[in-house]
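Engineer: This is the structure, below, for whatever I ask next.
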Amino acid sequence: MPSLWLGFVVVGILASSPFCAANCTFYKFRIGDFNATILSDGSTAWDSSTLFPGTPFQAVEEAFRANFLPTDAIQFYYNVLHVDTGDKQILFDCGSGVNFGDATGKLLESMQAAGLDPNDVDDIILSHGHVDHLGGIVKPDGSFTFANAKYHISRQEQEYWRDVTLDDFPPEFTPDLTEVLLRVGKDTLESVAEGLVLFDLGDEVLPGVQSRGATGHTPGHSAFIIKSGDDSLMFVGDVLVFDLFSIERPEWRMLFDNNRDAAVGSRFSLLNELADSRMQFLSYHSDFPGLGHISRNRHGYSNRPSRYQFHQT
C-alpha cells in the first residue's frame with residue numbers, strides 16, 4: 001500500500017486512493033516538529049432557537065441566512081486533537097464515547113483510519129469535564145479506552161465536578177442533558193482519580209504544552225498552547241464554538257456556558273490574543289477539521305479557515 005501523508009477513509013479502513021467514498025474523518029498536519037492529527041468524533045445538530053438565550057431569534061435567523069446556513073438547526077462537530085511529540089502521544093479531549101447518541105463516539109474509528117492505536121496514547125489533556133470531551137475515556141464495560149494514559153485536568157475544573165449538583169447547571173438545560181452531564185462528568189473523573197494529574201490554569205502541563213485559563217464555559221475550562229520551535233497552535237476547547245457566532249458575535253450568550261458573562265470575557269480575550277499573535281487555532285466544535293486564524297475587521301473579528309493541505313509539510 002502506498003505511503004500517504006494524508007490518509008483517507010473508505011468504509012472505515014485506510015485506502016490507497018487519494019479520494020474517498022465517504023468523507024474523511026481525520027486530517028494530518030504539523031506543529032513545528034510535532035506530528036498532529038485531527039480526529040472526528042462525529043457531529044450532531046442542535047435546535048438553533050435554543051442556543052442563544054437573550055438574543056432575539058430573529059437576529060439569529062438573519063445571521064444564519066446571511067451565512068447560507070439553515071435557520072432551524074446548527075451542526076456541532078467534535079474535533080479531537082492528537083499530537084505526537086516524538087516522546088509522547090497526546091490527545092486533547094477524547095470525544096463522547098457511547099454517551100451522546102449514535103452520531104458521535106466515532107473517535108476510535110477515526111484513530112484506526114489514521115493509523116493510531118489507543119494503547120499508544122500516553123496522556124489525555126482535558127479542556128473541561130463535559131461529556132462530549134471526556135465521555136470516551138471509559139467503555140460501557142467499565143474498562144479504559146486508553147489503557148496506558150495519564151489524564152490531565154485543571155485543579156479548578158476537578159474541584160467543580162467533585163462538588164457539582166443539579167442546581168449548578170443553567171436552568172435552560174433539559175433534564176436529560178443535565179443528567180448525562182452530571183453523571184458522566186462526575187463518574188468519569190472519579191474513575192480515573194488515581195491517574196489524574198492536576199494543573200493550575202496557566203501552568204505548563206507537559207513540555208511544549210501550556211495551559212491558558214479560559215473560564216466561563218465551565219469554572220476551570222482551559223485552552224492550551226502547543227509549541228514546537230517557532231510554530232504554535234492554540235486548542236481553544238469550547239471558548240470559540242462556532243465559526244460564525246463565537247467569532248463574529250462574541251457578545252452573544254450561549255446556552256451551554258455555565259457563567260455566560262465570564263464566557264463572553266474569555267471569548268474576547270482569546271480573540272484578541274489570536275488576532276495579535278496570528279497563531280493558528282483549533283476549535284473543538286467548528287466545521288471539521290476546525291483550523292483557522294483570527295483577523296480583525298471594522299465590525300470586530302472574522303475567522304480565516306486554514307487552507308486544506310493534501311500533504312503533511
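In the C-alpha cells, the first chain shown is A, the next is B, and so on; residue numbers restart at 1 for each chain, and ligands run from 1 in the order shown.
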Considering only strand (DSSP E or B) as DSSP defines it on the backbone, what residues of stretch 6-210 of chain A qualify? List them as a PyMOL selection string.
Structural biologist: chain A and resi 9-10+13-14+26-31+34-47+73-84+89-92+104+123-125+138+144+150-154+196-199+204-206+209-210
Engineer: Can you list, as a list in words, every protein, DNA or RNA residue that comes within 12 Å of A:Asp72 when you count only C-alpha atoms, leaving out same-chain residues fewer than 4 positions away?
Structural biologist: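 The neighbour list is Ala45, Trp46, Asp47, Ser48, Ser49, Thr50, Leu51, Phe57, Gln58, Val60, Glu61, Glu62, Phe64 and Arg65 of chain A.
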Engineer: Could the residues in this selection be saved with all heavy atoms as a short mmCIF file (atom, residue, chain, number, x, y, z; two decimals), in the first residue's frame?
Structural biologist:
```cif
data_model
loop_
_atom_site.label_atom_id
_atom_site.label_comp_id
_atom_site.auth_asym_id
_atom_site.auth_seq_id
_atom_site.Cartn_x
_atom_site.Cartn_y
_atom_site.Cartn_z
N ALA A 45 -26.72 17.80 15.30
CA ALA A 45 -27.45 19.04 15.01
C ALA A 45 -28.22 19.47 16.26
O ALA A 45 -28.81 18.63 16.96
CB ALA A 45 -28.41 18.84 13.85
N TRP A 46 -28.20 20.79 16.53
CA TRP A 46 -28.90 21.33 17.69
C TRP A 46 -29.90 22.38 17.23
O TRP A 46 -29.64 23.16 16.31
CB TRP A 46 -27.92 21.96 18.67
CG TRP A 46 -27.10 20.95 19.40
CD1 TRP A 46 -25.95 20.37 18.97
CD2 TRP A 46 -27.37 20.39 20.68
NE1 TRP A 46 -25.47 19.48 19.90
CE2 TRP A 46 -26.33 19.48 20.98
CE3 TRP A 46 -28.38 20.59 21.63
CZ2 TRP A 46 -26.28 18.76 22.16
CZ3 TRP A 46 -28.33 19.86 22.82
CH2 TRP A 46 -27.29 18.96 23.07
N ASP A 47 -31.03 22.42 17.89
CA ASP A 47 -32.09 23.39 17.62
C ASP A 47 -31.54 24.80 17.82
O ASP A 47 -31.16 25.18 18.93
CB ASP A 47 -33.27 23.12 18.57
CG ASP A 47 -34.41 24.10 18.37
OD1 ASP A 47 -34.31 24.99 17.51
OD2 ASP A 47 -35.41 23.98 19.11
N SER A 48 -31.48 25.56 16.75
CA SER A 48 -30.86 26.90 16.82
C SER A 48 -31.68 27.88 17.64
O SER A 48 -31.15 28.89 18.12
CB SER A 48 -30.63 27.45 15.42
OG SER A 48 -31.85 27.49 14.70
N SER A 49 -32.97 27.61 17.84
CA SER A 49 -33.80 28.56 18.58
C SER A 49 -33.47 28.59 20.06
O SER A 49 -33.86 29.52 20.78
CB SER A 49 -35.28 28.22 18.39
OG SER A 49 -35.62 27.00 19.03
N THR A 50 -32.75 27.57 20.56
CA THR A 50 -32.45 27.49 22.00
C THR A 50 -31.02 27.89 22.34
O THR A 50 -30.68 27.99 23.52
CB THR A 50 -32.67 26.05 22.50
OG1 THR A 50 -31.68 25.18 21.90
CG2 THR A 50 -34.06 25.56 22.16
N LEU A 51 -30.17 28.13 21.35
CA LEU A 51 -28.74 28.20 21.60
C LEU A 51 -28.25 29.52 22.17
O LEU A 51 -27.19 29.58 22.78
CB LEU A 51 -27.97 27.91 20.30
CG LEU A 51 -27.97 26.45 19.86
CD1 LEU A 51 -27.27 26.30 18.53
CD2 LEU A 51 -27.31 25.57 20.92
N PHE A 57 -34.53 35.64 18.48
CA PHE A 57 -34.32 34.62 17.46
C PHE A 57 -34.33 35.20 16.05
O PHE A 57 -33.70 34.66 15.15
CB PHE A 57 -35.36 33.51 17.58
CG PHE A 57 -35.08 32.34 16.67
CD1 PHE A 57 -33.86 31.70 16.68
CD2 PHE A 57 -36.04 31.90 15.77
CE1 PHE A 57 -33.58 30.63 15.84
CE2 PHE A 57 -35.78 30.84 14.92
CZ PHE A 57 -34.56 30.20 14.95
N GLN A 58 -35.01 36.32 15.87
CA GLN A 58 -34.99 36.96 14.55
C GLN A 58 -33.57 37.34 14.16
O GLN A 58 -33.16 37.17 13.01
CB GLN A 58 -35.88 38.20 14.54
CG GLN A 58 -35.92 38.90 13.19
CD GLN A 58 -36.83 40.12 13.20
OE1 GLN A 58 -37.52 40.40 14.18
NE2 GLN A 58 -36.83 40.87 12.10
N VAL A 60 -30.85 35.83 15.23
CA VAL A 60 -30.16 34.58 14.96
C VAL A 60 -30.49 34.09 13.56
O VAL A 60 -29.59 33.71 12.79
CB VAL A 60 -30.54 33.53 16.01
CG1 VAL A 60 -29.88 32.18 15.69
CG2 VAL A 60 -30.14 33.98 17.42
N GLU A 61 -31.77 34.11 13.20
CA GLU A 61 -32.18 33.67 11.87
C GLU A 61 -31.53 34.51 10.79
O GLU A 61 -31.07 33.99 9.76
CB GLU A 61 -33.69 33.75 11.74
CG GLU A 61 -34.45 32.67 12.50
CD GLU A 61 -35.94 32.77 12.25
OE1 GLU A 61 -36.50 33.87 12.45
OE2 GLU A 61 -36.54 31.76 11.85
N GLU A 62 -31.49 35.83 10.99
CA GLU A 62 -30.88 36.71 9.99
C GLU A 62 -29.40 36.40 9.81
O GLU A 62 -28.88 36.40 8.68
CB GLU A 62 -31.08 38.17 10.39
CG GLU A 62 -32.53 38.64 10.28
CD GLU A 62 -32.73 40.04 10.83
OE1 GLU A 62 -31.76 40.61 11.40
OE2 GLU A 62 -33.85 40.57 10.72
N PHE A 64 -27.97 33.49 10.36
CA PHE A 64 -27.88 32.21 9.66
C PHE A 64 -28.09 32.41 8.16
O PHE A 64 -27.32 31.89 7.34
CB PHE A 64 -28.94 31.25 10.21
CG PHE A 64 -28.50 30.44 11.40
CD1 PHE A 64 -28.30 31.05 12.63
CD2 PHE A 64 -28.28 29.08 11.30
CE1 PHE A 64 -27.90 30.32 13.73
CE2 PHE A 64 -27.88 28.34 12.39
CZ PHE A 64 -27.70 28.96 13.62
N ARG A 65 -29.13 33.13 7.80
CA ARG A 65 -29.42 33.33 6.37
C ARG A 65 -28.28 34.06 5.68
O ARG A 65 -27.91 33.72 4.54
CB ARG A 65 -30.71 34.14 6.21
CG ARG A 65 -31.97 33.37 6.58
CD ARG A 65 -33.21 34.11 6.09
NE ARG A 65 -34.42 33.50 6.63
CZ ARG A 65 -35.07 33.95 7.70
NH1 ARG A 65 -34.62 35.03 8.35
NH2 ARG A 65 -36.16 33.36 8.13
#
```
Engineer: Can you check which parts of stretch 210-251 of chain A lie within 7 Å of stretch 31-37 of chain A? Per residue, the shortest pair of atoms and distance in Å to one decimal, counting only C-alpha atoms, sorted by chain and number, as a tab-separated table.
Structural biologist:
```
residue	atom	partner	partner_atom	distance
A:Ser228	CA	A:Gly32	CA	4.7
A:Gly229	CA	A:Gly32	CA	5.7
A:Asp230	CA	A:Gly32	CA	6.7
A:Asp231	CA	A:Gly32	CA	5.0
A:Ser232	CA	A:Ile31	CA	6.3
A:Leu233	CA	A:Ile31	CA	6.9
```
Engineer: What are the DSSP helix (DSSP H, G or I) residues of stretch 21-236 of chain A, as a PyMOL selection string?
Structural biologist: chain A and resi 48-50+57-66+107-114+118-120+131-134+155-163+166-168+175-191+193-195
Engineer: Hey, which bits of stretch 12-111 of chain A sit within 9 Å of stretch 242-262 of chain A, and for each residue what's the closest pair of atoms and how far apart in Å (one decimal), counting only C-alpha atoms, rows by chain and increasing number, as a tab-separated table?
Structural biologist:
```
residue	atom	partner	partner_atom	distance
A:Thr50	CA	A:Leu255	CA	7.1
A:Leu51	CA	A:Leu255	CA	4.9
A:Phe52	CA	A:Met254	CA	4.7
A:Pro53	CA	A:Leu255	CA	6.1
A:Gly54	CA	A:Arg253	CA	7.0
A:Thr55	CA	A:Trp252	CA	6.8
A:Ala63	CA	A:Leu244	CA	8.5
A:Phe64	CA	A:Leu244	CA	8.7
A:Asn67	CA	A:Leu244	CA	8.1
A:Phe76	CA	A:Phe242	CA	8.1
```
Engineer: Let's have the selection written as a JSON list (two decimals), in the first residue's frame, with N, CA and C atoms.
Structural biologist:
```json
[["chain", "number", "residue", "atom", "x", "y", "z"],
["A", 50, "THR", "N", -32.75, 27.57, 20.56],
["A", 50, "THR", "CA", -32.45, 27.49, 22.00],
["A", 50, "THR", "C", -31.02, 27.89, 22.34],
["A", 51, "LEU", "N", -30.17, 28.13, 21.35],
["A", 51, "LEU", "CA", -28.74, 28.20, 21.60],
["A", 51, "LEU", "C", -28.25, 29.52, 22.17],
["A", 52, "PHE", "N", -29.01, 30.60, 21.97],
["A", 52, "PHE", "CA", -28.50, 31.91, 22.37],
["A", 52, "PHE", "C", -29.53, 32.63, 23.25],
["A", 53, "PRO", "N", -29.63, 32.25, 24.52],
["A", 53, "PRO", "CA", -30.58, 32.89, 25.42],
["A", 53, "PRO", "C", -30.30, 34.40, 25.51],
["A", 54, "GLY", "N", -31.36, 35.18, 25.41],
["A", 54, "GLY", "CA", -31.21, 36.62, 25.50],
["A", 54, "GLY", "C", -31.03, 37.32, 24.17],
["A", 55, "THR", "N", -30.78, 36.54, 23.10],
["A", 55, "THR", "CA", -30.66, 37.12, 21.76],
["A", 55, "THR", "C", -31.96, 36.83, 21.01],
["A", 63, "ALA", "N", -28.72, 36.13, 10.91],
["A", 63, "ALA", "CA", -27.30, 35.78, 10.82],
["A", 63, "ALA", "C", -27.10, 34.45, 10.10],
["A", 64, "PHE", "N", -27.97, 33.49, 10.36],
["A", 64, "PHE", "CA", -27.88, 32.21, 9.66],
["A", 64, "PHE", "C", -28.09, 32.41, 8.16],
["A", 67, "ASN", "N", -25.29, 33.87, 6.19],
["A", 67, "ASN", "CA", -24.14, 32.98, 6.03],
["A", 67, "ASN", "C", -24.52, 31.66, 5.36],
["A", 76, "PHE", "N", -22.99, 20.79, 15.15],
["A", 76, "PHE", "CA", -21.83, 20.74, 16.03],
["A", 76, "PHE", "C", -20.91, 19.63, 15.54]]
```
Engineer: Give me, please, the distance in Å between atom CA of A:Asn272 and atom CA of A:Gln210, quoted to one decimal.
Structural biologist: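 One can read the atom CA of A:Asn272 to atom CA of A:Gln210 distance as 18.0 Å.
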Engineer: Would you compute the distance between atom CA of A:Val138 and atom CA of A:Thr188? Give it in Å to one decimal.
Structural biologist: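 Going from atom CA of A:Val138 over to atom CA of A:Thr188, I get 7.0 Å.
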Engineer: Hey, what's within 12 Å of A:Ser295 if we count only C-alpha atoms and toss same-chain stuff fewer than 5 positions away? As a PyMOL selection string, please?
Structural biologist: chain A and resi 247-248+270-281+300-305
Engineer: Counting only C-alpha atoms, what is within 12 Å of A:Gly101, bar same-chain residues fewer than 4 positions away, as a ChimeraX atom specification?
Structural biologist: /A:41-45,95-97,105-106,131-132,135,177,180
Engineer: Write a file of the selected residues as a short mmCIF file (atom, residue, chain, number, x, y, z; two decimals), in the first residue's frame, keeping C-alpha atoms.
Structural biologist:
```
data_model
loop_
_atom_site.label_atom_id
_atom_site.label_comp_id
_atom_site.auth_asym_id
_atom_site.auth_seq_id
_atom_site.Cartn_x
_atom_site.Cartn_y
_atom_site.Cartn_z
CA ASP A 41 -15.76 12.00 16.90
CA GLY A 42 -18.83 12.71 14.74
CA SER A 43 -21.35 15.55 14.60
CA THR A 44 -24.82 16.45 15.85
CA ALA A 45 -27.45 19.04 15.01
CA GLY A 95 -14.96 12.56 22.49
CA SER A 96 -18.28 11.29 23.82
CA GLY A 97 -17.92 7.53 23.83
CA GLY A 105 -18.49 8.30 19.59
CA LYS A 106 -16.55 7.81 16.36
CA VAL A 131 -19.48 14.58 28.39
CA ASP A 132 -18.56 15.30 24.77
CA GLY A 135 -17.04 10.57 27.66
CA LEU A 177 -28.91 16.82 29.26
CA VAL A 180 -25.86 12.93 31.39
#
```
